[in-house]
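Engineer: Input file: upload_6.tsv. Contents: TSV, N, CA and C atoms and all ligand atoms.
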```tsv
chain	number	residue	atom	x	y	z
A	987	MET	N	17.38	3.28	11.58
A	987	MET	CA	17.24	3.93	10.27
A	987	MET	C	17.64	2.97	9.17
A	988	LYS	N	18.71	2.19	9.43
A	988	LYS	CA	19.18	1.24	8.41
A	988	LYS	C	18.11	0.22	8.05
A	989	SER	N	17.41	-0.29	9.08
A	989	SER	CA	16.42	-1.32	8.78
A	989	SER	C	15.24	-0.74	8.01
A	990	ARG	N	14.92	0.52	8.27
A	990	ARG	CA	13.85	1.16	7.50
A	990	ARG	C	14.23	1.22	6.04
A	991	LEU	N	15.48	1.59	5.82
A	991	LEU	CA	15.94	1.71	4.44
A	991	LEU	C	15.87	0.35	3.77
A	992	ALA	N	16.29	-0.67	4.49
A	992	ALA	CA	16.27	-2.02	3.93
A	992	ALA	C	14.84	-2.40	3.57
A	993	ALA	N	13.89	-2.09	4.46
A	993	ALA	CA	12.50	-2.44	4.18
A	993	ALA	C	11.98	-1.67	2.98
A	994	CYS	N	12.43	-0.44	2.84
A	994	CYS	CA	11.96	0.37	1.71
A	994	CYS	C	12.53	-0.13	0.40
A	995	LEU	N	13.68	-0.76	0.47
A	995	LEU	CA	14.29	-1.25	-0.77
A	995	LEU	C	13.81	-2.65	-1.10
A	996	ALA	N	13.49	-3.43	-0.08
A	996	ALA	CA	13.16	-4.84	-0.31
A	996	ALA	C	11.92	-5.00	-1.19
A	997	LEU	N	10.90	-4.20	-0.93
A	997	LEU	CA	9.67	-4.40	-1.69
A	997	LEU	C	9.81	-4.03	-3.16
A	998	PRO	N	10.34	-2.83	-3.46
A	998	PRO	CA	10.51	-2.53	-4.90
A	998	PRO	C	11.33	-3.59	-5.62
A	999	LEU	N	12.31	-4.15	-4.94
A	999	LEU	CA	13.10	-5.19	-5.59
A	999	LEU	C	12.25	-6.43	-5.81
A	1000	ALA	N	11.40	-6.72	-4.84
A	1000	ALA	CA	10.50	-7.86	-5.02
A	1000	ALA	C	9.55	-7.61	-6.18
A	1001	LEU	N	9.16	-6.35	-6.33
A	1001	LEU	CA	8.24	-6.02	-7.43
A	1001	LEU	C	8.89	-6.31	-8.77
A	1002	LEU	N	10.19	-6.04	-8.85
A	1002	LEU	CA	10.88	-6.27	-10.12
A	1002	LEU	C	10.85	-7.75	-10.47
A	1003	ALA	N	10.76	-8.59	-9.45
A	1003	ALA	CA	10.75	-10.03	-9.68
A	1003	ALA	C	9.39	-10.50	-10.19
A	1004	GLY	N	8.41	-9.64	-10.27
A	1004	GLY	CA	7.10	-10.03	-10.80
A	1004	GLY	C	6.03	-9.89	-9.76
A	1005	GLN	N	4.90	-10.47	-9.98
A	1005	GLN	CA	3.78	-10.31	-9.07
A	1005	GLN	C	3.94	-11.21	-7.86
A	1006	ALA	N	4.97	-10.93	-7.11
A	1006	ALA	CA	5.34	-11.81	-6.02
A	1006	ALA	C	4.26	-11.92	-4.94
A	1007	PHE	N	3.40	-10.91	-4.82
A	1007	PHE	CA	2.48	-10.90	-3.70
A	1007	PHE	C	1.05	-11.27	-4.06
A	1008	ALA	N	0.70	-11.16	-5.33
A	1008	ALA	CA	-0.68	-11.51	-5.71
A	1008	ALA	C	-0.87	-13.02	-5.50
A	1009	ASP	N	-2.07	-13.37	-5.13
A	1009	ASP	CA	-2.33	-14.78	-4.85
A	1009	ASP	C	-2.48	-15.60	-6.12
A	1010	GLY	N	-1.96	-16.78	-6.07
A	1010	GLY	CA	-2.18	-17.78	-7.11
A	1010	GLY	C	-1.95	-17.27	-8.52
A	1011	ASP	N	-3.04	-17.05	-9.22
A	1011	ASP	CA	-2.95	-16.70	-10.64
A	1011	ASP	C	-2.67	-15.22	-10.88
A	1012	GLY	N	-2.16	-14.51	-9.89
A	1012	GLY	CA	-1.82	-13.11	-10.10
A	1012	GLY	C	-3.01	-12.18	-9.99
A	1013	VAL	N	-4.12	-12.66	-9.44
A	1013	VAL	CA	-5.31	-11.82	-9.31
A	1013	VAL	C	-5.49	-11.48	-7.83
A	1014	TRP	N	-5.69	-10.21	-7.57
A	1014	TRP	CA	-5.92	-9.79	-6.18
A	1014	TRP	C	-7.35	-10.14	-5.79
A	1015	LYS	N	-7.50	-10.62	-4.57
A	1015	LYS	CA	-8.83	-11.05	-4.12
A	1015	LYS	C	-9.73	-9.89	-3.72
A	1016	SER	N	-9.17	-8.89	-3.05
A	1016	SER	CA	-9.98	-7.78	-2.54
A	1016	SER	C	-9.07	-6.63	-2.15
A	1017	GLY	N	-9.69	-5.49	-1.85
A	1017	GLY	CA	-8.91	-4.36	-1.40
A	1017	GLY	C	-8.13	-4.68	-0.14
A	1018	GLU	N	-8.78	-5.42	0.75
A	1018	GLU	CA	-8.13	-5.78	2.01
A	1018	GLU	C	-6.90	-6.66	1.74
A	1019	ASN	N	-7.05	-7.56	0.78
A	1019	ASN	CA	-5.96	-8.45	0.38
A	1019	ASN	C	-4.75	-7.63	-0.11
A	1020	VAL	N	-5.00	-6.65	-0.95
A	1020	VAL	CA	-3.91	-5.80	-1.47
A	1020	VAL	C	-3.29	-5.02	-0.31
A	1021	TYR	N	-4.14	-4.47	0.54
A	1021	TYR	CA	-3.64	-3.68	1.66
A	1021	TYR	C	-2.70	-4.51	2.53
A	1022	GLN	N	-3.15	-5.72	2.87
A	1022	GLN	CA	-2.35	-6.55	3.77
A	1022	GLN	C	-1.06	-7.01	3.11
A	1023	LYS	N	-1.12	-7.31	1.83
A	1023	LYS	CA	0.06	-7.88	1.17
A	1023	LYS	C	1.03	-6.84	0.64
A	1024	VAL	N	0.56	-5.62	0.39
A	1024	VAL	CA	1.46	-4.61	-0.16
A	1024	VAL	C	1.59	-3.43	0.80
A	1025	CYS	N	0.52	-2.69	0.97
A	1025	CYS	CA	0.57	-1.45	1.75
A	1025	CYS	C	0.99	-1.73	3.19
A	1026	GLY	N	0.50	-2.84	3.74
A	1026	GLY	CA	0.75	-3.16	5.13
A	1026	GLY	C	2.23	-3.32	5.45
A	1027	HIS	N	3.04	-3.70	4.44
A	1027	HIS	CA	4.47	-3.85	4.67
A	1027	HIS	C	5.08	-2.57	5.23
A	1028	CYS	N	4.55	-1.46	4.82
A	1028	CYS	CA	5.07	-0.18	5.32
A	1028	CYS	C	4.07	0.54	6.21
A	1029	HIS	N	2.77	0.44	5.85
A	1029	HIS	CA	1.80	1.25	6.57
A	1029	HIS	C	1.27	0.61	7.85
A	1030	GLU	N	1.64	-0.66	8.09
A	1030	GLU	CA	1.29	-1.28	9.38
A	1030	GLU	C	2.55	-1.45	10.22
A	1031	THR	N	3.66	-0.90	9.76
A	1031	THR	CA	4.93	-1.11	10.46
A	1031	THR	C	5.61	0.20	10.82
A	1032	ASN	N	4.87	1.29	10.68
A	1032	ASN	CA	5.42	2.62	10.99
A	1032	ASN	C	6.51	3.08	10.05
A	1033	ILE	N	6.73	2.37	8.95
A	1033	ILE	CA	7.65	2.89	7.93
A	1033	ILE	C	6.91	4.00	7.19
A	1034	GLY	N	5.65	3.74	6.87
A	1034	GLY	CA	4.80	4.77	6.28
A	1034	GLY	C	3.76	5.20	7.31
A	1035	PRO	N	3.12	6.34	7.11
A	1035	PRO	CA	2.12	6.84	8.07
A	1035	PRO	C	0.86	5.97	8.08
A	1036	ASN	N	0.15	5.99	9.20
A	1036	ASN	CA	-1.13	5.28	9.28
A	1036	ASN	C	-2.10	5.83	8.23
A	1037	LEU	N	-2.80	4.93	7.57
A	1037	LEU	CA	-3.76	5.35	6.54
A	1037	LEU	C	-5.20	5.13	6.99
A	1038	LYS	N	-5.37	4.32	8.03
A	1038	LYS	CA	-6.74	3.89	8.37
A	1038	LYS	C	-7.46	4.91	9.23
A	1039	GLY	N	-8.78	4.94	9.05
A	1039	GLY	CA	-9.63	5.79	9.87
A	1039	GLY	C	-9.48	7.26	9.55
A	1040	ARG	N	-8.86	7.59	8.43
A	1040	ARG	CA	-8.64	9.00	8.08
A	1040	ARG	C	-9.54	9.46	6.94
A	1041	GLN	N	-10.41	8.56	6.46
A	1041	GLN	CA	-11.31	8.88	5.33
A	1041	GLN	C	-10.53	9.50	4.18
A	1042	LEU	N	-9.34	8.95	3.90
A	1042	LEU	CA	-8.55	9.47	2.78
A	1042	LEU	C	-9.35	9.26	1.50
A	1043	PRO	N	-9.50	10.30	0.68
A	1043	PRO	CA	-10.27	10.14	-0.56
A	1043	PRO	C	-9.60	9.10	-1.47
A	1044	PRO	N	-10.38	8.18	-2.04
A	1044	PRO	CA	-9.79	7.15	-2.91
A	1044	PRO	C	-8.91	7.75	-4.01
A	1045	GLN	N	-9.33	8.88	-4.58
A	1045	GLN	CA	-8.52	9.49	-5.66
A	1045	GLN	C	-7.13	9.87	-5.17
A	1046	TYR	N	-7.05	10.26	-3.91
A	1046	TYR	CA	-5.75	10.63	-3.34
A	1046	TYR	C	-4.85	9.40	-3.22
A	1047	SER	N	-5.39	8.32	-2.63
A	1047	SER	CA	-4.60	7.09	-2.49
A	1047	SER	C	-4.15	6.58	-3.85
A	1048	ILE	N	-5.06	6.63	-4.82
A	1048	ILE	CA	-4.74	6.14	-6.16
A	1048	ILE	C	-3.58	6.95	-6.76
A	1049	ALA	N	-3.65	8.28	-6.60
A	1049	ALA	CA	-2.60	9.13	-7.15
A	1049	ALA	C	-1.26	8.86	-6.47
A	1050	VAL	N	-1.28	8.66	-5.15
A	1050	VAL	CA	-0.04	8.40	-4.42
A	1050	VAL	C	0.57	7.07	-4.88
A	1051	VAL	N	-0.27	6.05	-5.02
A	1051	VAL	CA	0.23	4.73	-5.41
A	1051	VAL	C	0.80	4.76	-6.84
A	1052	ARG	N	0.13	5.41	-7.73
A	1052	ARG	CA	0.60	5.43	-9.13
A	1052	ARG	C	1.83	6.32	-9.34
A	1053	ASN	N	1.89	7.44	-8.61
A	1053	ASN	CA	2.97	8.40	-8.84
A	1053	ASN	C	4.09	8.33	-7.82
A	1054	GLY	N	3.83	7.65	-6.69
A	1054	GLY	CA	4.79	7.69	-5.61
A	1054	GLY	C	4.63	9.01	-4.87
A	1055	PHE	N	5.16	9.08	-3.68
A	1055	PHE	CA	5.01	10.30	-2.88
A	1055	PHE	C	6.21	10.39	-1.96
A	1056	ARG	N	7.14	11.26	-2.28
A	1056	ARG	CA	8.37	11.42	-1.49
A	1056	ARG	C	9.00	10.05	-1.21
A	1057	ALA	N	8.97	9.58	0.05
A	1057	ALA	CA	9.66	8.33	0.38
A	1057	ALA	C	8.92	7.09	-0.13
A	1058	MET	N	7.69	7.25	-0.59
A	1058	MET	CA	6.94	6.06	-1.03
A	1058	MET	C	7.14	5.79	-2.52
A	1059	PRO	N	7.47	4.53	-2.86
A	1059	PRO	CA	7.67	4.20	-4.27
A	1059	PRO	C	6.34	4.16	-5.03
A	1060	ALA	N	6.38	4.39	-6.34
A	1060	ALA	CA	5.19	4.24	-7.18
A	1060	ALA	C	5.00	2.76	-7.52
A	1061	PHE	N	3.73	2.36	-7.66
A	1061	PHE	CA	3.43	0.99	-8.06
A	1061	PHE	C	2.73	1.02	-9.41
A	1062	PRO	N	3.30	0.36	-10.42
A	1062	PRO	CA	2.72	0.39	-11.77
A	1062	PRO	C	1.53	-0.55	-11.90
A	1063	ALA	N	0.77	-0.34	-12.96
A	1063	ALA	CA	-0.41	-1.16	-13.22
A	1063	ALA	C	-0.04	-2.63	-13.44
A	1064	SER	N	1.21	-2.89	-13.83
A	1064	SER	CA	1.60	-4.28	-14.01
A	1064	SER	C	1.69	-5.01	-12.67
A	1065	PHE	N	1.76	-4.25	-11.59
A	1065	PHE	CA	1.81	-4.88	-10.27
A	1065	PHE	C	0.45	-4.83	-9.58
A	1066	ILE	N	-0.15	-3.65	-9.52
A	1066	ILE	CA	-1.51	-3.52	-8.97
A	1066	ILE	C	-2.37	-2.95	-10.09
A	1067	ASP	N	-3.25	-3.76	-10.64
A	1067	ASP	CA	-4.08	-3.29	-11.75
A	1067	ASP	C	-5.09	-2.25	-11.24
A	1068	ASP	N	-5.70	-1.51	-12.18
A	1068	ASP	CA	-6.60	-0.42	-11.82
A	1068	ASP	C	-7.74	-0.88	-10.92
A	1069	LYS	N	-8.26	-2.07	-11.19
A	1069	LYS	CA	-9.39	-2.56	-10.41
A	1069	LYS	C	-8.97	-2.79	-8.95
A	1070	ALA	N	-7.85	-3.48	-8.77
A	1070	ALA	CA	-7.37	-3.76	-7.42
A	1070	ALA	C	-6.99	-2.47	-6.70
A	1071	LEU	N	-6.43	-1.52	-7.43
A	1071	LEU	CA	-6.06	-0.25	-6.81
A	1071	LEU	C	-7.31	0.51	-6.35
A	1072	GLY	N	-8.35	0.48	-7.18
A	1072	GLY	CA	-9.61	1.11	-6.79
A	1072	GLY	C	-10.17	0.46	-5.53
A	1073	GLN	N	-10.04	-0.87	-5.48
A	1073	GLN	CA	-10.57	-1.58	-4.31
A	1073	GLN	C	-9.80	-1.27	-3.04
A	1074	VAL	N	-8.47	-1.19	-3.14
A	1074	VAL	CA	-7.69	-0.93	-1.94
A	1074	VAL	C	-7.88	0.53	-1.50
A	1075	ALA	N	-8.04	1.45	-2.46
A	1075	ALA	CA	-8.28	2.86	-2.13
A	1075	ALA	C	-9.61	3.00	-1.40
A	1076	ASP	N	-10.59	2.23	-1.86
A	1076	ASP	CA	-11.91	2.23	-1.24
A	1076	ASP	C	-11.85	1.63	0.17
A	1077	TYR	N	-11.08	0.56	0.29
A	1077	TYR	CA	-10.90	-0.11	1.58
A	1077	TYR	C	-10.29	0.86	2.59
A	1078	ILE	N	-9.27	1.61	2.15
A	1078	ILE	CA	-8.60	2.56	3.04
A	1078	ILE	C	-9.57	3.69	3.43
A	1079	ALA	N	-10.32	4.19	2.45
A	1079	ALA	CA	-11.25	5.30	2.71
A	1079	ALA	C	-12.28	4.92	3.76
A	1080	LYS	N	-12.71	3.65	3.75
A	1080	LYS	CA	-13.79	3.22	4.65
A	1080	LYS	C	-13.29	2.55	5.92
A	1081	SER	N	-11.97	2.37	6.04
A	1081	SER	CA	-11.44	1.61	7.16
A	1081	SER	C	-11.60	2.38	8.47
A	1082	ALA	N	-11.67	1.61	9.54
A	1082	ALA	CA	-11.75	2.22	10.87
A	1082	ALA	C	-10.33	2.50	11.36
A	1083	ALA	N	-10.21	3.45	12.25
A	1083	ALA	CA	-8.90	3.77	12.82
A	1083	ALA	C	-8.38	2.54	13.58
A	1084	PRO	N	-7.07	2.32	13.57
A	1084	PRO	CA	-6.52	1.19	14.31
A	1084	PRO	C	-6.68	1.42	15.81
A	1085	ALA	N	-6.71	0.34	16.55
A	1085	ALA	CA	-6.82	0.45	18.00
A	1085	ALA	C	-5.60	1.21	18.53
A	1086	ALA	N	-5.82	2.04	19.51
A	1086	ALA	CA	-4.71	2.82	20.07
A	1086	ALA	C	-3.66	1.87	20.65
A	1087	LYS	N	-2.41	2.21	20.44
A	1087	LYS	CA	-1.33	1.38	20.98
A	1087	LYS	C	-1.13	1.72	22.45
A	1088	PRO	N	-0.91	0.70	23.26
A	1088	PRO	CA	-0.75	0.94	24.70
A	1088	PRO	C	0.51	1.76	24.99
B	1101	LIG	C1	7.81	0.50	0.62
B	1101	LIG	C2	6.96	1.05	1.66
B	1101	LIG	C3	5.54	1.45	1.26
B	1101	LIG	C4	4.57	0.69	0.67
B	1101	LIG	C5	4.67	-0.75	0.26
B	1101	LIG	C6	3.41	1.53	0.55
B	1101	LIG	N1	3.67	2.78	1.04
B	1101	LIG	FE1	2.39	4.36	1.09
B	1101	LIG	N2	3.84	5.50	1.95
B	1101	LIG	C7	5.09	5.06	2.31
B	1101	LIG	C8	5.82	6.14	2.95
B	1101	LIG	C9	7.24	6.05	3.52
B	1101	LIG	C10	4.96	7.25	2.94
B	1101	LIG	C11	5.25	8.66	3.47
B	1101	LIG	C12	5.95	9.42	2.37
B	1101	LIG	C13	6.53	10.71	2.87
B	1101	LIG	O1	5.82	11.49	3.52
B	1101	LIG	O2	7.73	10.94	2.60
B	1101	LIG	C14	3.71	6.81	2.29
B	1101	LIG	C15	2.61	7.63	2.10
B	1101	LIG	C16	1.39	7.19	1.59
B	1101	LIG	C17	0.21	8.01	1.47
B	1101	LIG	C18	0.09	9.46	1.89
B	1101	LIG	C19	-0.30	9.48	3.36
B	1101	LIG	C20	-0.57	10.85	3.90
B	1101	LIG	O3	-0.50	10.97	5.15
B	1101	LIG	O4	-0.85	11.78	3.14
B	1101	LIG	C21	-0.78	7.23	0.97
B	1101	LIG	C22	-2.21	7.62	0.65
B	1101	LIG	C23	-0.21	5.91	0.75
B	1101	LIG	N3	1.12	5.93	1.15
B	1101	LIG	C24	-0.90	4.84	0.24
B	1101	LIG	C25	-0.36	3.58	0.05
B	1101	LIG	C26	-1.10	2.46	-0.49
B	1101	LIG	C27	-2.56	2.48	-0.89
B	1101	LIG	C28	-0.23	1.42	-0.57
B	1101	LIG	C29	-0.50	0.01	-1.07
B	1101	LIG	C30	-0.92	-0.09	-2.44
B	1101	LIG	C31	1.05	1.88	-0.07
B	1101	LIG	N4	0.93	3.20	0.30
B	1101	LIG	C32	2.21	1.11	0.01
B	1101	LIG	C33	5.62	3.81	2.11
B	1101	LIG	C34	4.96	2.76	1.49
```
Starting from the file, lay out its structure as C-alpha cells.

Structural biologist:
Amino acid sequence: MKSRLAACLALPLALLAGQAFADGDGVWKSGENVYQKVCGHCHETNIGPNLKGRQLPPQYSIAVVRNGFRAMPAFPASFIDDKALGQVADYIAKSAAPAAKP
C-alpha cells in the first residue's frame, strides 16, 4: 500500500516541476505517446484500473483527466493540452484489450 501511495504522489509532484514528460519541445507526439508517458504510470501498473479494450467514450476519459476521479489526480491543460488529451482519449477508446496475464 505504501508503494502505491508513493507512486500516486510522485507524478503530481513531477507535474509541478513542469512538462517533465512531454518530449523535447513540450509537444506530445501522439495519443499513444501521452498514454505511455502519463497514464501508463498508473494504468499499466495496476495502480489505476485497466482502460484498454473497454471502448471508454473519449468524453468520459477527458472529463476524468481534467477533473480527477476519486484516487486519480486531475491534469491541467498546462500539462496535457486539449489536443493531446483528445488524442489520448481517442487512443484509449480504440485500444485493444491487453493480453490476459498468465
Ligand atoms: C497517478 C496515477 C494515475 C495517472 C497518472 C492516471 N490515472 Fe487514471 N486513474 C487512476 C486511479 C487510481 C483511478 C481509479 C480511481 C478510483 O476509482 O478511485 C483512475 C481512473 C481513471 C479512469 C476511470 C476508469 C473507470 O474504470 O471508470 C479513467 C477514464 C482514467 N483514469 C483515465 C486516465 C488517463 C486518460 C490518464 C492519462 C492522461 C490517466 N488516467 C492517468 C490513477 C491515475

Engineer: Got a sec: who's within 8 Å of Asp1067 in chain A, counting all atoms listed in the file, leaving out chain neighbours fewer than 6 positions off, as a PDB file with N, CA and C atoms, keeping the file's coordinate frame?

Structural biologist:
```pdb
ATOM      1  N   TRP A1014      -5.690 -10.210  -7.570  1.00  0.00           N
ATOM      2  CA  TRP A1014      -5.920  -9.790  -6.180  1.00  0.00           C
ATOM      3  C   TRP A1014      -7.350 -10.140  -5.790  1.00  0.00           C
ATOM      4  N   PHE A1061       3.730   2.360  -7.660  1.00  0.00           N
ATOM      5  CA  PHE A1061       3.430   0.990  -8.060  1.00  0.00           C
ATOM      6  C   PHE A1061       2.730   1.020  -9.410  1.00  0.00           C
ATOM      7  N   GLN A1073     -10.040  -0.870  -5.480  1.00  0.00           N
ATOM      8  CA  GLN A1073     -10.570  -1.580  -4.310  1.00  0.00           C
ATOM      9  C   GLN A1073      -9.800  -1.270  -3.040  1.00  0.00           C
TER      10      GLN A1073
END
```

Engineer: Counting only N, CA and C atoms and all ligand atoms, which protein, DNA or RNA residues come within 7 Å of ligand LIG 1101 (chain B), given as a ChimeraX atom specification?

Structural biologist: /A:993-998,1020-1021,1024-1029,1033-1037,1042,1046-1048,1050-1051,1055-1059,1071,1074-1075

Engineer: Those same residues - N, CA and C atoms - I'd like them written as a short mmCIF file (atom, residue, chain, number, x, y, z; two decimals), in the coordinates of the input.

Structural biologist:
```cif
data_model
loop_
_atom_site.label_atom_id
_atom_site.label_comp_id
_atom_site.auth_asym_id
_atom_site.auth_seq_id
_atom_site.Cartn_x
_atom_site.Cartn_y
_atom_site.Cartn_z
N ALA A 993 13.89 -2.09 4.46
CA ALA A 993 12.50 -2.44 4.18
C ALA A 993 11.98 -1.67 2.98
N CYS A 994 12.43 -0.44 2.84
CA CYS A 994 11.96 0.37 1.71
C CYS A 994 12.53 -0.13 0.40
N LEU A 995 13.68 -0.76 0.47
CA LEU A 995 14.29 -1.25 -0.77
C LEU A 995 13.81 -2.65 -1.10
N ALA A 996 13.49 -3.43 -0.08
CA ALA A 996 13.16 -4.84 -0.31
C ALA A 996 11.92 -5.00 -1.19
N LEU A 997 10.90 -4.20 -0.93
CA LEU A 997 9.67 -4.40 -1.69
C LEU A 997 9.81 -4.03 -3.16
N PRO A 998 10.34 -2.83 -3.46
CA PRO A 998 10.51 -2.53 -4.90
C PRO A 998 11.33 -3.59 -5.62
N VAL A 1020 -5.00 -6.65 -0.95
CA VAL A 1020 -3.91 -5.80 -1.47
C VAL A 1020 -3.29 -5.02 -0.31
N TYR A 1021 -4.14 -4.47 0.54
CA TYR A 1021 -3.64 -3.68 1.66
C TYR A 1021 -2.70 -4.51 2.53
N VAL A 1024 0.56 -5.62 0.39
CA VAL A 1024 1.46 -4.61 -0.16
C VAL A 1024 1.59 -3.43 0.80
N CYS A 1025 0.52 -2.69 0.97
CA CYS A 1025 0.57 -1.45 1.75
C CYS A 1025 0.99 -1.73 3.19
N GLY A 1026 0.50 -2.84 3.74
CA GLY A 1026 0.75 -3.16 5.13
C GLY A 1026 2.23 -3.32 5.45
N HIS A 1027 3.04 -3.70 4.44
CA HIS A 1027 4.47 -3.85 4.67
C HIS A 1027 5.08 -2.57 5.23
N CYS A 1028 4.55 -1.46 4.82
CA CYS A 1028 5.07 -0.18 5.32
C CYS A 1028 4.07 0.54 6.21
N HIS A 1029 2.77 0.44 5.85
CA HIS A 1029 1.80 1.25 6.57
C HIS A 1029 1.27 0.61 7.85
N ILE A 1033 6.73 2.37 8.95
CA ILE A 1033 7.65 2.89 7.93
C ILE A 1033 6.91 4.00 7.19
N GLY A 1034 5.65 3.74 6.87
CA GLY A 1034 4.80 4.77 6.28
C GLY A 1034 3.76 5.20 7.31
N PRO A 1035 3.12 6.34 7.11
CA PRO A 1035 2.12 6.84 8.07
C PRO A 1035 0.86 5.97 8.08
N ASN A 1036 0.15 5.99 9.20
CA ASN A 1036 -1.13 5.28 9.28
C ASN A 1036 -2.10 5.83 8.23
N LEU A 1037 -2.80 4.93 7.57
CA LEU A 1037 -3.76 5.35 6.54
C LEU A 1037 -5.20 5.13 6.99
N LEU A 1042 -9.34 8.95 3.90
CA LEU A 1042 -8.55 9.47 2.78
C LEU A 1042 -9.35 9.26 1.50
N TYR A 1046 -7.05 10.26 -3.91
CA TYR A 1046 -5.75 10.63 -3.34
C TYR A 1046 -4.85 9.40 -3.22
N SER A 1047 -5.39 8.32 -2.63
CA SER A 1047 -4.60 7.09 -2.49
C SER A 1047 -4.15 6.58 -3.85
N ILE A 1048 -5.06 6.63 -4.82
CA ILE A 1048 -4.74 6.14 -6.16
C ILE A 1048 -3.58 6.95 -6.76
N VAL A 1050 -1.28 8.66 -5.15
CA VAL A 1050 -0.04 8.40 -4.42
C VAL A 1050 0.57 7.07 -4.88
N VAL A 1051 -0.27 6.05 -5.02
CA VAL A 1051 0.23 4.73 -5.41
C VAL A 1051 0.80 4.76 -6.84
N PHE A 1055 5.16 9.08 -3.68
CA PHE A 1055 5.01 10.30 -2.88
C PHE A 1055 6.21 10.39 -1.96
N ARG A 1056 7.14 11.26 -2.28
CA ARG A 1056 8.37 11.42 -1.49
C ARG A 1056 9.00 10.05 -1.21
N ALA A 1057 8.97 9.58 0.05
CA ALA A 1057 9.66 8.33 0.38
C ALA A 1057 8.92 7.09 -0.13
N MET A 1058 7.69 7.25 -0.59
CA MET A 1058 6.94 6.06 -1.03
C MET A 1058 7.14 5.79 -2.52
N PRO A 1059 7.47 4.53 -2.86
CA PRO A 1059 7.67 4.20 -4.27
C PRO A 1059 6.34 4.16 -5.03
N LEU A 1071 -6.43 -1.52 -7.43
CA LEU A 1071 -6.06 -0.25 -6.81
C LEU A 1071 -7.31 0.51 -6.35
N VAL A 1074 -8.47 -1.19 -3.14
CA VAL A 1074 -7.69 -0.93 -1.94
C VAL A 1074 -7.88 0.53 -1.50
N ALA A 1075 -8.04 1.45 -2.46
CA ALA A 1075 -8.28 2.86 -2.13
C ALA A 1075 -9.61 3.00 -1.40
#
```

Engineer: So what do you get for CA of Lys1080 in chain A versus CA of Gln1041 in chain A, distance-wise?

Structural biologist: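 Distance reported for this atom pair: 6.2 Å.
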
Engineer: What is the CA of Ala1060 in chain A to atom C of Gln1022 in chain A distance in Å?

Structural biologist: 16.5 Å

Engineer: I'd like to know which of A:Glu1018, A:Glu1030, A:Pro1088, A:Arg1052 is closest to Asp1068 in chain A, using only C-alpha atoms.

Structural biologist: A:Arg1052

Engineer: Can you tell me which residues surround Gly1072 in chain A at a distance of at most 8 Å, considering only N, CA and C atoms, apart from same-chain residues fewer than 6 positions away, and format the answer as a PDB file with N, CA and C atoms, in the frame of the given file?

Structural biologist:
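Printed below is part.pdb as written:
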```
ATOM      1  N   SER A1016      -9.170  -8.890  -3.050  1.00  0.00           N
ATOM      2  CA  SER A1016      -9.980  -7.780  -2.540  1.00  0.00           C
ATOM      3  C   SER A1016      -9.070  -6.630  -2.150  1.00  0.00           C
ATOM      4  N   GLY A1017      -9.690  -5.490  -1.850  1.00  0.00           N
ATOM      5  CA  GLY A1017      -8.910  -4.360  -1.400  1.00  0.00           C
ATOM      6  C   GLY A1017      -8.130  -4.680  -0.140  1.00  0.00           C
ATOM      7  N   PRO A1044     -10.380   8.180  -2.040  1.00  0.00           N
ATOM      8  CA  PRO A1044      -9.790   7.150  -2.910  1.00  0.00           C
ATOM      9  C   PRO A1044      -8.910   7.750  -4.010  1.00  0.00           C
ATOM     10  N   ILE A1048      -5.060   6.630  -4.820  1.00  0.00           N
ATOM     11  CA  ILE A1048      -4.740   6.140  -6.160  1.00  0.00           C
ATOM     12  C   ILE A1048      -3.580   6.950  -6.760  1.00  0.00           C
ATOM     13  N   ILE A1066      -0.150  -3.650  -9.520  1.00  0.00           N
ATOM     14  CA  ILE A1066      -1.510  -3.520  -8.970  1.00  0.00           C
ATOM     15  C   ILE A1066      -2.370  -2.950 -10.090  1.00  0.00           C
ATOM     16  N   ILE A1078      -9.270   1.610   2.150  1.00  0.00           N
ATOM     17  CA  ILE A1078      -8.600   2.560   3.040  1.00  0.00           C
ATOM     18  C   ILE A1078      -9.570   3.690   3.430  1.00  0.00           C
TER      19      ILE A1078
END
```

Engineer: One number please: atom C of Gly1039 in chain A to atom C of Pro1084 in chain A, in Å, one decimal.

Structural biologist: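 Between atom C of Gly1039 in chain A and atom C of Pro1084 in chain A the gap works out to 9.0 Å.
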